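Below is data.cif, which holds mmCIF, C-alpha atoms.
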data_work
#
loop_
_atom_site.group_PDB
_atom_site.id
_atom_site.type_symbol
_atom_site.label_atom_id
_atom_site.label_comp_id
_atom_site.auth_asym_id
_atom_site.auth_seq_id
_atom_site.Cartn_x
_atom_site.Cartn_y
_atom_site.Cartn_z
ATOM 1 C CA MET A 837 97.509 76.352 93.510
ATOM 2 C CA ILE A 838 98.803 75.845 89.988
ATOM 3 C CA TYR A 839 95.262 76.421 88.716
ATOM 4 C CA PHE A 840 95.257 79.858 90.316
ATOM 5 C CA ASN A 841 98.661 80.660 88.830
ATOM 6 C CA ALA A 842 97.486 79.450 85.424
ATOM 7 C CA PHE A 843 94.410 81.671 85.667
ATOM 8 C CA ILE A 844 96.469 84.721 86.626
ATOM 9 C CA PHE A 845 99.173 84.238 83.996
ATOM 10 C CA ALA A 846 96.916 83.457 81.018
ATOM 11 C CA GLY A 847 94.536 86.199 82.120
ATOM 12 C CA ILE A 848 97.280 88.815 82.306
ATOM 13 C CA VAL A 849 98.662 87.873 78.873
ATOM 14 C CA CYS A 850 95.177 88.204 77.352
ATOM 15 C CA LEU A 851 94.614 91.450 79.268
ATOM 16 C CA ILE A 852 97.784 92.969 77.808
ATOM 17 C CA GLY A 853 96.668 91.912 74.342
ATOM 18 C CA GLN A 854 93.229 93.438 74.861
ATOM 19 C CA LEU A 855 94.722 96.712 76.122
ATOM 20 C CA ILE A 856 96.964 96.923 73.039
ATOM 21 C CA LEU A 857 93.990 96.121 70.785
ATOM 22 C CA ASP A 858 91.761 98.771 72.322
ATOM 23 C CA ASN A 859 94.247 101.600 72.692
ATOM 24 C CA THR A 860 96.229 101.370 69.452
ATOM 25 C CA LYS A 861 95.421 100.800 65.802
ATOM 26 C CA LEU A 862 97.101 97.385 65.685
ATOM 27 C CA THR A 863 95.007 94.484 64.399
ATOM 28 C CA PRO A 864 94.802 91.060 66.112
ATOM 29 C CA GLY A 865 97.313 89.809 63.520
ATOM 30 C CA HIS A 866 99.868 92.370 64.699
ATOM 31 C CA ILE A 867 99.269 91.480 68.334
ATOM 32 C CA THR A 868 99.635 87.709 67.914
ATOM 33 C CA SER A 869 102.823 88.251 65.881
ATOM 34 C CA LEU A 870 104.166 90.573 68.551
ATOM 35 C CA PHE A 871 103.398 88.024 71.274
ATOM 36 C CA VAL A 872 105.154 85.231 69.379
ATOM 37 C CA VAL A 873 108.262 87.404 69.046
ATOM 38 C CA ILE A 874 108.102 88.276 72.761
ATOM 39 C CA GLY A 875 107.766 84.590 73.646
ATOM 40 C CA SER A 876 110.795 83.549 71.623
ATOM 41 C CA PHE A 877 112.773 86.499 72.993
ATOM 42 C CA LEU A 878 111.976 85.518 76.589
ATOM 43 C CA ASP A 879 112.845 81.894 75.957
ATOM 44 C CA ALA A 880 116.161 82.765 74.325
ATOM 45 C CA PHE A 881 117.283 83.734 77.840
ATOM 46 C CA ASN A 882 115.462 80.892 79.673
ATOM 47 C CA ILE A 883 112.907 83.221 81.253
ATOM 48 C CA TYR A 884 109.829 81.567 79.770
ATOM 49 C CA ASP A 885 110.727 78.186 81.299
ATOM 50 C CA LYS A 886 110.295 79.765 84.728
ATOM 51 C CA PHE A 887 106.836 81.003 83.750
ATOM 52 C CA ILE A 888 105.909 77.462 82.697
ATOM 53 C CA LEU A 889 107.168 76.031 85.975
ATOM 54 C CA TRP A 890 105.110 78.626 87.835
ATOM 55 C CA ALA A 891 101.913 78.654 85.786
ATOM 56 C CA GLY A 892 101.874 75.269 84.015
ATOM 57 C CA GLY A 893 99.177 75.159 81.380
ATOM 58 C CA GLY A 894 98.472 78.852 81.839
ATOM 59 C CA ALA A 895 101.811 79.625 80.205
ATOM 60 C CA LEU A 896 101.438 76.939 77.517
ATOM 61 C CA VAL A 897 98.045 78.065 76.232
ATOM 62 C CA PRO A 898 98.815 81.659 75.063
ATOM 63 C CA ILE A 899 100.455 82.103 71.663
ATOM 64 C CA THR A 900 103.684 83.223 73.389
ATOM 65 C CA SER A 901 104.365 79.535 74.043
ATOM 66 C CA PHE A 902 104.497 79.045 70.265
ATOM 67 C CA GLY A 903 107.621 81.204 70.110
ATOM 68 C CA HIS A 904 108.926 79.453 73.195
ATOM 69 C CA LEU A 905 108.495 76.015 71.591
ATOM 70 C CA LEU A 906 110.122 77.173 68.339
ATOM 71 C CA ILE A 907 113.286 78.321 70.055
ATOM 72 C CA HIS A 908 113.242 75.345 72.415
ATOM 73 C CA GLY A 909 113.281 72.986 69.438
ATOM 74 C CA VAL A 910 116.143 74.972 67.930
ATOM 75 C CA MET A 911 118.252 74.871 71.103
ATOM 76 C CA ASP A 912 117.636 71.154 71.742
ATOM 77 C CA THR A 913 118.765 70.240 68.230
ATOM 78 C CA VAL A 914 121.702 72.638 68.339
ATOM 79 C CA ASN A 915 122.955 70.935 71.494
ATOM 80 C CA GLN A 916 122.805 67.577 69.727
ATOM 81 C CA PHE A 917 123.932 68.262 66.167
ATOM 82 C CA GLY A 918 125.584 71.694 66.178
ATOM 83 C CA ALA A 919 124.606 74.933 64.485
ATOM 84 C CA VAL A 920 122.663 73.246 61.653
ATOM 85 C CA GLY A 921 120.026 72.526 64.286
ATOM 86 C CA ILE A 922 118.642 76.035 63.698
ATOM 87 C CA PHE A 923 117.330 74.759 60.375
ATOM 88 C CA THR A 924 116.478 71.171 61.231
ATOM 89 C CA GLY A 925 114.969 71.556 64.683
ATOM 90 C CA MET A 926 112.794 74.639 64.310
ATOM 91 C CA PHE A 927 109.461 72.793 64.117
ATOM 92 C CA ASP A 928 110.348 69.810 66.316
ATOM 93 C CA LEU A 929 108.010 70.785 69.161
ATOM 94 C CA THR A 930 105.523 73.073 67.446
ATOM 95 C CA SER A 931 104.624 70.504 64.808
ATOM 96 C CA ALA A 932 101.809 69.201 67.041
ATOM 97 C CA GLY A 933 99.983 72.523 66.927
ATOM 98 C CA ILE A 934 100.660 73.287 63.263
ATOM 99 C CA VAL A 935 99.911 69.806 61.916
ATOM 100 C CA SER A 936 96.739 69.415 63.963
ATOM 101 C CA ALA A 937 95.543 72.865 62.867
ATOM 102 C CA ILE A 938 96.202 72.056 59.190
ATOM 103 C CA VAL A 939 94.591 68.601 59.322
ATOM 104 C CA PHE A 940 91.518 69.675 61.260
ATOM 105 C CA SER A 941 91.074 72.754 59.038
ATOM 106 C CA PHE A 942 91.284 70.604 55.918
ATOM 107 C CA VAL A 943 88.945 67.863 57.121
ATOM 108 C CA PHE A 944 86.374 70.204 58.626
ATOM 109 C CA GLY A 945 86.724 72.489 55.597
ATOM 110 C CA LEU A 946 85.614 69.610 53.410
ATOM 111 C CA LEU A 947 82.757 68.673 55.715
ATOM 112 C CA PHE A 948 81.301 72.046 56.702
ATOM 113 C CA LYS A 949 80.095 75.129 54.874
ATOM 114 C CA ALA A 950 80.865 78.730 55.763
ATOM 115 C CA ARG A 951 78.330 80.451 57.976
ATOM 116 C CA ASP A 952 77.830 84.151 58.259
ATOM 117 C CA MET B 868 80.394 123.159 58.631
ATOM 118 C CA ASP B 869 84.013 123.583 59.644
ATOM 119 C CA LYS B 870 86.363 120.726 60.293
ATOM 120 C CA ASN B 871 86.384 120.854 64.090
ATOM 121 C CA LYS B 872 82.637 120.724 64.339
ATOM 122 C CA TYR B 873 82.582 117.792 61.965
ATOM 123 C CA LYS B 874 85.145 115.953 64.092
ATOM 124 C CA GLU B 875 83.065 116.586 67.205
ATOM 125 C CA LEU B 876 80.000 115.190 65.492
ATOM 126 C CA VAL B 877 81.881 112.103 64.341
ATOM 127 C CA ALA B 878 83.239 111.517 67.824
ATOM 128 C CA LYS B 879 79.758 111.905 69.248
ATOM 129 C CA TYR B 880 78.176 109.276 67.052
ATOM 130 C CA THR B 881 81.018 106.733 66.930
ATOM 131 C CA PRO B 882 79.926 103.775 69.070
ATOM 132 C CA LYS B 883 81.997 103.833 72.203
ATOM 133 C CA GLU B 884 83.671 100.626 73.237
ATOM 134 C CA ASN B 885 83.883 100.134 76.945
ATOM 135 C CA ARG B 886 87.583 99.464 77.366
ATOM 136 C CA LEU B 887 87.411 98.485 81.029
ATOM 137 C CA TYR B 888 84.643 95.965 80.340
ATOM 138 C CA ASN B 889 86.581 94.532 77.386
ATOM 139 C CA ALA B 890 89.730 94.230 79.484
ATOM 140 C CA ILE B 891 87.955 92.450 82.344
ATOM 141 C CA ILE B 892 86.219 90.021 79.984
ATOM 142 C CA ALA B 893 89.517 89.279 78.189
ATOM 143 C CA PHE B 894 91.227 88.674 81.537
ATOM 144 C CA LEU B 895 88.521 86.324 82.805
ATOM 145 C CA VAL B 896 88.084 84.344 79.588
ATOM 146 C CA GLY B 897 91.830 84.103 78.954
ATOM 147 C CA GLY B 898 92.389 82.965 82.507
ATOM 148 C CA LEU B 899 89.673 80.331 82.222
ATOM 149 C CA VAL B 900 91.239 79.006 79.004
ATOM 150 C CA GLY B 901 94.554 78.758 80.873
ATOM 151 C CA VAL B 902 92.922 76.850 83.739
ATOM 152 C CA PHE B 903 91.164 74.593 81.224
ATOM 153 C CA GLY B 904 94.556 73.839 79.631
ATOM 154 C CA GLN B 905 96.047 72.967 83.007
ATOM 155 C CA ILE B 906 93.067 70.716 83.847
ATOM 156 C CA LEU B 907 93.474 68.934 80.496
ATOM 157 C CA ILE B 908 97.190 68.404 81.177
ATOM 158 C CA ASP B 909 96.415 66.911 84.589
ATOM 159 C CA LEU B 910 93.648 64.681 83.214
ATOM 160 C CA TYR B 911 95.789 63.374 80.358
ATOM 161 C CA SER B 912 98.821 62.690 82.524
ATOM 162 C CA TYR B 913 96.613 60.972 85.145
ATOM 163 C CA PHE B 914 94.492 58.773 82.900
ATOM 164 C CA LEU B 915 97.025 57.980 80.150
ATOM 165 C CA ASN B 916 100.036 57.705 82.486
ATOM 166 C CA ILE B 917 102.236 59.980 80.374
ATOM 167 C CA PRO B 918 104.719 62.655 81.488
ATOM 168 C CA THR B 919 103.570 66.267 81.711
ATOM 169 C CA LYS B 920 105.476 67.283 78.591
ATOM 170 C CA GLU B 921 103.583 64.838 76.369
ATOM 171 C CA ALA B 922 100.315 65.666 78.106
ATOM 172 C CA SER B 923 100.831 69.331 77.163
ATOM 173 C CA VAL B 924 101.132 68.295 73.498
ATOM 174 C CA PHE B 925 97.804 66.453 73.835
ATOM 175 C CA MET B 926 96.343 69.552 75.480
ATOM 176 C CA ILE B 927 97.397 71.779 72.572
ATOM 177 C CA ILE B 928 95.893 69.332 70.057
ATOM 178 C CA THR B 929 92.638 69.257 72.035
ATOM 179 C CA LEU B 930 92.406 73.049 72.138
ATOM 180 C CA VAL B 931 93.143 73.295 68.402
ATOM 181 C CA PHE B 932 90.441 70.679 67.756
ATOM 182 C CA LEU B 933 87.923 72.576 69.859
ATOM 183 C CA GLY B 934 88.804 75.868 68.134
ATOM 184 C CA CYS B 935 88.352 74.346 64.671
ATOM 185 C CA PHE B 936 85.194 72.414 65.519
ATOM 186 C CA LEU B 937 83.391 75.261 67.239
ATOM 187 C CA THR B 938 84.322 77.586 64.357
ATOM 188 C CA CYS B 939 82.681 75.128 61.942
ATOM 189 C CA LEU B 940 79.527 74.996 64.026
ATOM 190 C CA GLY B 941 79.413 78.800 64.019
ATOM 191 C CA PHE B 942 79.726 79.332 67.777
ATOM 192 C CA PHE B 943 83.292 80.493 67.906
ATOM 193 C CA ASP B 944 82.818 83.730 65.961
ATOM 194 C CA LYS B 945 80.292 84.829 68.570
ATOM 195 C CA PHE B 946 82.633 83.849 71.388
ATOM 196 C CA VAL B 947 85.487 85.791 69.776
ATOM 197 C CA SER B 948 83.400 88.913 69.250
ATOM 198 C CA PHE B 949 82.418 88.678 72.923
ATOM 199 C CA ALA B 950 85.781 87.862 74.513
ATOM 200 C CA LYS B 951 88.111 89.300 71.821
ATOM 201 C CA CYS B 952 91.725 88.872 72.984
ATOM 202 C CA GLY B 953 90.665 86.363 75.637
ATOM 203 C CA LEU B 954 90.272 83.849 72.829
ATOM 204 C CA ILE B 955 92.542 85.325 70.142
ATOM 205 C CA ILE B 956 95.739 85.193 72.195
ATOM 206 C CA PRO B 957 95.417 81.513 73.242
ATOM 207 C CA ILE B 958 96.208 78.837 70.656
ATOM 208 C CA THR B 959 92.463 78.633 69.893
ATOM 209 C CA GLY B 960 92.803 81.952 68.046
ATOM 210 C CA PHE B 961 95.426 80.409 65.766
ATOM 211 C CA ALA B 962 93.082 77.495 64.981
ATOM 212 C CA HIS B 963 90.141 79.849 64.544
ATOM 213 C CA SER B 964 91.969 82.061 62.042
ATOM 214 C CA MET B 965 93.037 79.057 59.945
ATOM 215 C CA MET B 966 89.622 77.430 60.045
ATOM 216 C CA SER B 967 87.686 80.567 59.141
ATOM 217 C CA ALA B 968 90.067 81.358 56.247
ATOM 218 C CA THR B 969 89.635 77.792 54.970
ATOM 219 C CA LEU B 970 85.857 77.930 55.179
ATOM 220 C CA GLU B 971 85.696 81.355 53.585
ATOM 221 C CA TYR B 972 87.623 80.358 50.456
ATOM 222 C CA LYS B 973 86.236 76.843 50.192
ATOM 223 C CA LYS B 974 84.074 77.637 47.174
ATOM 224 C CA GLU B 975 87.150 78.490 45.083
ATOM 225 C CA GLY B 976 88.290 74.881 45.177
ATOM 226 C CA ILE B 977 90.645 72.753 47.222
ATOM 227 C CA VAL B 978 93.932 73.984 45.716
ATOM 228 C CA THR B 979 93.361 77.608 44.792
ATOM 229 C CA GLY B 980 90.835 78.187 47.564
ATOM 230 C CA MET B 981 91.557 76.190 50.686
ATOM 231 C CA GLY B 982 95.228 75.438 50.111
ATOM 232 C CA ALA B 983 96.276 78.871 48.981
ATOM 233 C CA ASN B 984 94.340 80.801 51.599
ATOM 234 C CA MET B 985 94.632 78.571 54.659
ATOM 235 C CA PHE B 986 97.548 80.559 56.096
ATOM 236 C CA LYS B 987 96.221 83.930 55.042
ATOM 237 C CA LEU B 988 95.707 85.060 58.645
ATOM 238 C CA ALA B 989 97.834 82.570 60.569
ATOM 239 C CA GLY B 990 100.865 82.808 58.283
ATOM 240 C CA THR B 991 102.085 85.968 59.980
ATOM 241 C CA VAL B 992 102.368 84.107 63.293
ATOM 242 C CA ILE B 993 104.518 81.395 61.728
ATOM 243 C CA MET B 994 106.665 83.844 59.770
ATOM 244 C CA CYS B 995 107.347 86.133 62.743
ATOM 245 C CA GLY B 996 107.931 83.144 65.010
ATOM 246 C CA VAL B 997 110.378 81.410 62.683
ATOM 247 C CA VAL B 998 112.328 84.567 61.820
ATOM 248 C CA SER B 999 112.586 85.677 65.441
ATOM 249 C CA ALA B 1000 113.493 82.160 66.614
ATOM 250 C CA TYR B 1001 116.197 82.020 63.943
ATOM 251 C CA PHE B 1002 117.825 85.264 65.009
ATOM 252 C CA PHE B 1003 117.393 84.768 68.757
ATOM 253 C CA GLY B 1004 118.755 81.225 68.432
ATOM 254 C CA LEU B 1005 121.740 82.543 66.502
ATOM 255 C CA LEU B 1006 122.258 85.214 69.152
ATOM 256 C CA ARG B 1007 122.167 82.636 71.910
ATOM 257 C CA ILE B 1008 124.674 80.375 70.147
ATOM 258 C CA ILE B 1009 127.037 83.317 69.672
ATOM 259 C CA ILE B 1010 126.682 84.567 73.254
ATOM 260 C CA MET B 1011 126.598 81.291 75.164
ATOM 261 C CA GLY B 1012 128.665 79.156 72.807
#
Would you encode the structure as C-alpha cells?
Amino acid sequence: MIYFNAFIFAGIVCLIGQLILDNTKLTPGHITSLFVVIGSFLDAFNIYDKFILWAGGGALVPITSFGHLLIHGVMDTVNQFGAVGIFTGMFDLTSAGIVSAIVFSFVFGLLFKARD
Amino acid sequence: MDKNKYKELVAKYTPKENRLYNAIIAFLVGGLVGVFGQILIDLYSYFLNIPTKEASVFMIITLVFLGCFLTCLGFFDKFVSFAKCGLIIPITGFAHSMMSATLEYKKEGIVTGMGANMFKLAGTVIMCGVVSAYFFGLLRIIIMG
C-alpha cells in the first residue's frame, strides 16, 4: 500500500511542478527553489512529517524533503543546545545529499568528458 | 505587415508543447521515482538490518549516485528532456544540475572551472533552503518556545 501512496505523492508533486513550468515563465531553477521553500514551510508546522508517514519514500524523494530535512536538523539541534542550533544544526541531516552530490560530481568530473 | 498579423504568424509557427502529455509523463515518471525510492528504503532496511531513517539516507545517496553517473554517460539529459519535471523535482535533478555544470566547465580547470561553477545551478536550491529554514526555524522558536 505504501508503494501506491509513494507513487501518488511523488507523482502529484512532479505534476504540480510540470504545470508551473508549462503555464508560467518560471525556469526549473525557480521551481526547485520554490519547492524547497514550501517544504521547509510545511515542516515548520509538522505537516511534512505526516506526508512522510503516509507516503514513505515518495515524500523523501522530491526536493521538498530537502527543505524538510534542513528545518528538521535545525529543530533537533535547537531542542538540544538552544537557539544557536539554527546555525550549527542546519546541515545535520541534509549533509548526506550535499556531500554525496559534491563528491560524485568531482570524481566523475575528473573521469568523464562533457557530451553534447 | 502590422503587429497583430505578425503576432498571429509567430503563434502559428511556434512549436506547440502538449501540456496534457507533459503533465501525464511528469506524473508517471515522478511517481515511479518515488516508488523506486521506497523500494530502495525497504531493500536497505531488510538486507542491512538498519532502521528506516538510516535506510532513507542510503536511498538518497543511491539516487544522487545514479543521477550523477547517468549524466556522465549522457543518458540523463535525454531522460530529462523527455520527463522534464518528473526528474527535475526529485533529488536526481539536484545531482544532475551539479554534474552537468561540473562537466561543462571542466576544461577551465579544477579550481576556476569545476570548483567555481559546481553550484551554478544547484546553489539557488541551497540558498533558498537555508534562508527559508533559518527564518521558519526562528518563527517556530518564537511561536512555540
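When all atoms listed in the file are used to measure the gap to chain A, the shortest distance among B:Ala1000, B:Leu876, B:Met1011, B:Ile917 belongs to B:Ala1000.
A straight line drawn from atom CA of B:Gly982 to atom CA of B:Val900 is 29.4 Å long.
In this comparison, which uses all atoms listed in the file, the residue of B:Val998, B:Leu915, B:Met966, B:Leu937 approaching chain A most closely is B:Met966.
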> Which residues, written as a ChimeraX atom specification, have at least one atom at most 12 Å from A:Ile883, with all atoms listed in the file counted and residues fewer than 6 positions away on the same chain left out?
Replying inline: /A:874-877,889-890,895,901,904,908
> What's the 8 Å shell around stretch 927-936 of chain B, counting only C-alpha atoms, without same-chain residues fewer than 6 positions away, as a count of residues only?
Replying inline: 17
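Interatomic distance, atom CA of B:Glu971 to atom CA of A:Ser869: 22.2 Å.
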> Any chance you could work out the residue set of the PyMOL selection byres ((chain A and resi 867) around 10) here, as number ranges by chain?
Replying inline: A: 852-854, 856-857, 862-866, 868-873; B: 952, 955-956, 992
> To one decimal place, how far is atom CA of A:Phe881 from atom CA of A:Val914 in Å?
Replying inline: 15.3 Å
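Nearest residue to chain A among B:Ser999, B:Ser964, B:Thr881, B:Ser948 is B:Ser999, counting all atoms listed in the file.
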As a PDB file, keeping the file's coordinate frame, could you write out stretch 908-932 of chain A once it has been completed with N, CA and C atoms?
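Below you can see out23.pdb, which holds the result:
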ATOM      1  N   HIS A 908     112.850  76.517  71.629  1.00  0.00           N
ATOM      2  CA  HIS A 908     113.242  75.345  72.415  1.00  0.00           C
ATOM      3  C   HIS A 908     113.676  74.202  71.499  1.00  0.00           C
ATOM      4  N   GLY A 909     112.895  74.007  70.404  1.00  0.00           N
ATOM      5  CA  GLY A 909     113.281  72.986  69.438  1.00  0.00           C
ATOM      6  C   GLY A 909     114.630  73.294  68.831  1.00  0.00           C
ATOM      7  N   VAL A 910     114.862  74.576  68.505  1.00  0.00           N
ATOM      8  CA  VAL A 910     116.143  74.972  67.930  1.00  0.00           C
ATOM      9  C   VAL A 910     117.279  74.637  68.885  1.00  0.00           C
ATOM     10  N   MET A 911     117.132  75.045  70.177  1.00  0.00           N
ATOM     11  CA  MET A 911     118.252  74.871  71.103  1.00  0.00           C
ATOM     12  C   MET A 911     118.517  73.400  71.407  1.00  0.00           C
ATOM     13  N   ASP A 912     117.432  72.588  71.502  1.00  0.00           N
ATOM     14  CA  ASP A 912     117.636  71.154  71.742  1.00  0.00           C
ATOM     15  C   ASP A 912     118.434  70.523  70.613  1.00  0.00           C
ATOM     16  N   THR A 913     118.072  70.849  69.361  1.00  0.00           N
ATOM     17  CA  THR A 913     118.765  70.240  68.230  1.00  0.00           C
ATOM     18  C   THR A 913     120.175  70.791  68.094  1.00  0.00           C
ATOM     19  N   VAL A 914     120.358  72.063  68.420  1.00  0.00           N
ATOM     20  CA  VAL A 914     121.702  72.638  68.339  1.00  0.00           C
ATOM     21  C   VAL A 914     122.640  71.932  69.322  1.00  0.00           C
ATOM     22  N   ASN A 915     122.111  71.633  70.517  1.00  0.00           N
ATOM     23  CA  ASN A 915     122.955  70.935  71.494  1.00  0.00           C
ATOM     24  C   ASN A 915     123.357  69.552  71.019  1.00  0.00           C
ATOM     25  N   GLN A 916     122.485  68.925  70.201  1.00  0.00           N
ATOM     26  CA  GLN A 916     122.805  67.577  69.727  1.00  0.00           C
ATOM     27  C   GLN A 916     123.686  67.586  68.492  1.00  0.00           C
ATOM     28  N   PHE A 917     123.311  68.394  67.483  1.00  0.00           N
ATOM     29  CA  PHE A 917     123.932  68.262  66.167  1.00  0.00           C
ATOM     30  C   PHE A 917     124.721  69.488  65.735  1.00  0.00           C
ATOM     31  N   GLY A 918     124.853  70.509  66.587  1.00  0.00           N
ATOM     32  CA  GLY A 918     125.584  71.694  66.178  1.00  0.00           C
ATOM     33  C   GLY A 918     124.683  72.716  65.519  1.00  0.00           C
ATOM     34  N   ALA A 919     125.331  73.741  64.909  1.00  0.00           N
ATOM     35  CA  ALA A 919     124.606  74.933  64.485  1.00  0.00           C
ATOM     36  C   ALA A 919     123.557  74.663  63.422  1.00  0.00           C
ATOM     37  N   VAL A 920     123.656  73.529  62.686  1.00  0.00           N
ATOM     38  CA  VAL A 920     122.663  73.246  61.653  1.00  0.00           C
ATOM     39  C   VAL A 920     121.301  72.981  62.278  1.00  0.00           C
ATOM     40  N   GLY A 921     121.276  72.757  63.584  1.00  0.00           N
ATOM     41  CA  GLY A 921     120.026  72.526  64.286  1.00  0.00           C
ATOM     42  C   GLY A 921     119.041  73.677  64.175  1.00  0.00           C
ATOM     43  N   ILE A 922     119.552  74.902  63.898  1.00  0.00           N
ATOM     44  CA  ILE A 922     118.642  76.035  63.698  1.00  0.00           C
ATOM     45  C   ILE A 922     117.677  75.727  62.569  1.00  0.00           C
ATOM     46  N   PHE A 923     118.190  75.037  61.521  1.00  0.00           N
ATOM     47  CA  PHE A 923     117.330  74.759  60.375  1.00  0.00           C
ATOM     48  C   PHE A 923     116.546  73.467  60.549  1.00  0.00           C
ATOM     49  N   THR A 924     117.153  72.470  61.178  1.00  0.00           N
ATOM     50  CA  THR A 924     116.478  71.171  61.231  1.00  0.00           C
ATOM     51  C   THR A 924     115.527  71.054  62.405  1.00  0.00           C
ATOM     52  N   GLY A 925     115.759  71.794  63.480  1.00  0.00           N
ATOM     53  CA  GLY A 925     114.969  71.556  64.683  1.00  0.00           C
ATOM     54  C   GLY A 925     113.883  72.563  64.955  1.00  0.00           C
ATOM     55  N   MET A 926     113.720  73.528  64.045  1.00  0.00           N
ATOM     56  CA  MET A 926     112.794  74.639  64.310  1.00  0.00           C
ATOM     57  C   MET A 926     111.385  74.161  64.668  1.00  0.00           C
ATOM     58  N   PHE A 927     110.850  73.189  63.899  1.00  0.00           N
ATOM     59  CA  PHE A 927     109.461  72.793  64.117  1.00  0.00           C
ATOM     60  C   PHE A 927     109.331  71.515  64.931  1.00  0.00           C
ATOM     61  N   ASP A 928     110.404  71.077  65.582  1.00  0.00           N
ATOM     62  CA  ASP A 928     110.348  69.810  66.316  1.00  0.00           C
ATOM     63  C   ASP A 928     109.185  69.763  67.294  1.00  0.00           C
ATOM     64  N   LEU A 929     109.001  70.814  68.091  1.00  0.00           N
ATOM     65  CA  LEU A 929     108.010  70.785  69.161  1.00  0.00           C
ATOM     66  C   LEU A 929     106.698  71.444  68.776  1.00  0.00           C
ATOM     67  N   THR A 930     106.760  72.395  67.827  1.00  0.00           N
ATOM     68  CA  THR A 930     105.523  73.073  67.446  1.00  0.00           C
ATOM     69  C   THR A 930     104.718  72.275  66.449  1.00  0.00           C
ATOM     70  N   SER A 931     105.310  71.202  65.892  1.00  0.00           N
ATOM     71  CA  SER A 931     104.624  70.504  64.808  1.00  0.00           C
ATOM     72  C   SER A 931     103.260  70.003  65.261  1.00  0.00           C
ATOM     73  N   ALA A 932     103.111  69.669  66.552  1.00  0.00           N
ATOM     74  CA  ALA A 932     101.809  69.201  67.041  1.00  0.00           C
ATOM     75  C   ALA A 932     100.727  70.228  66.755  1.00  0.00           C
TER      76      ALA A 932
END
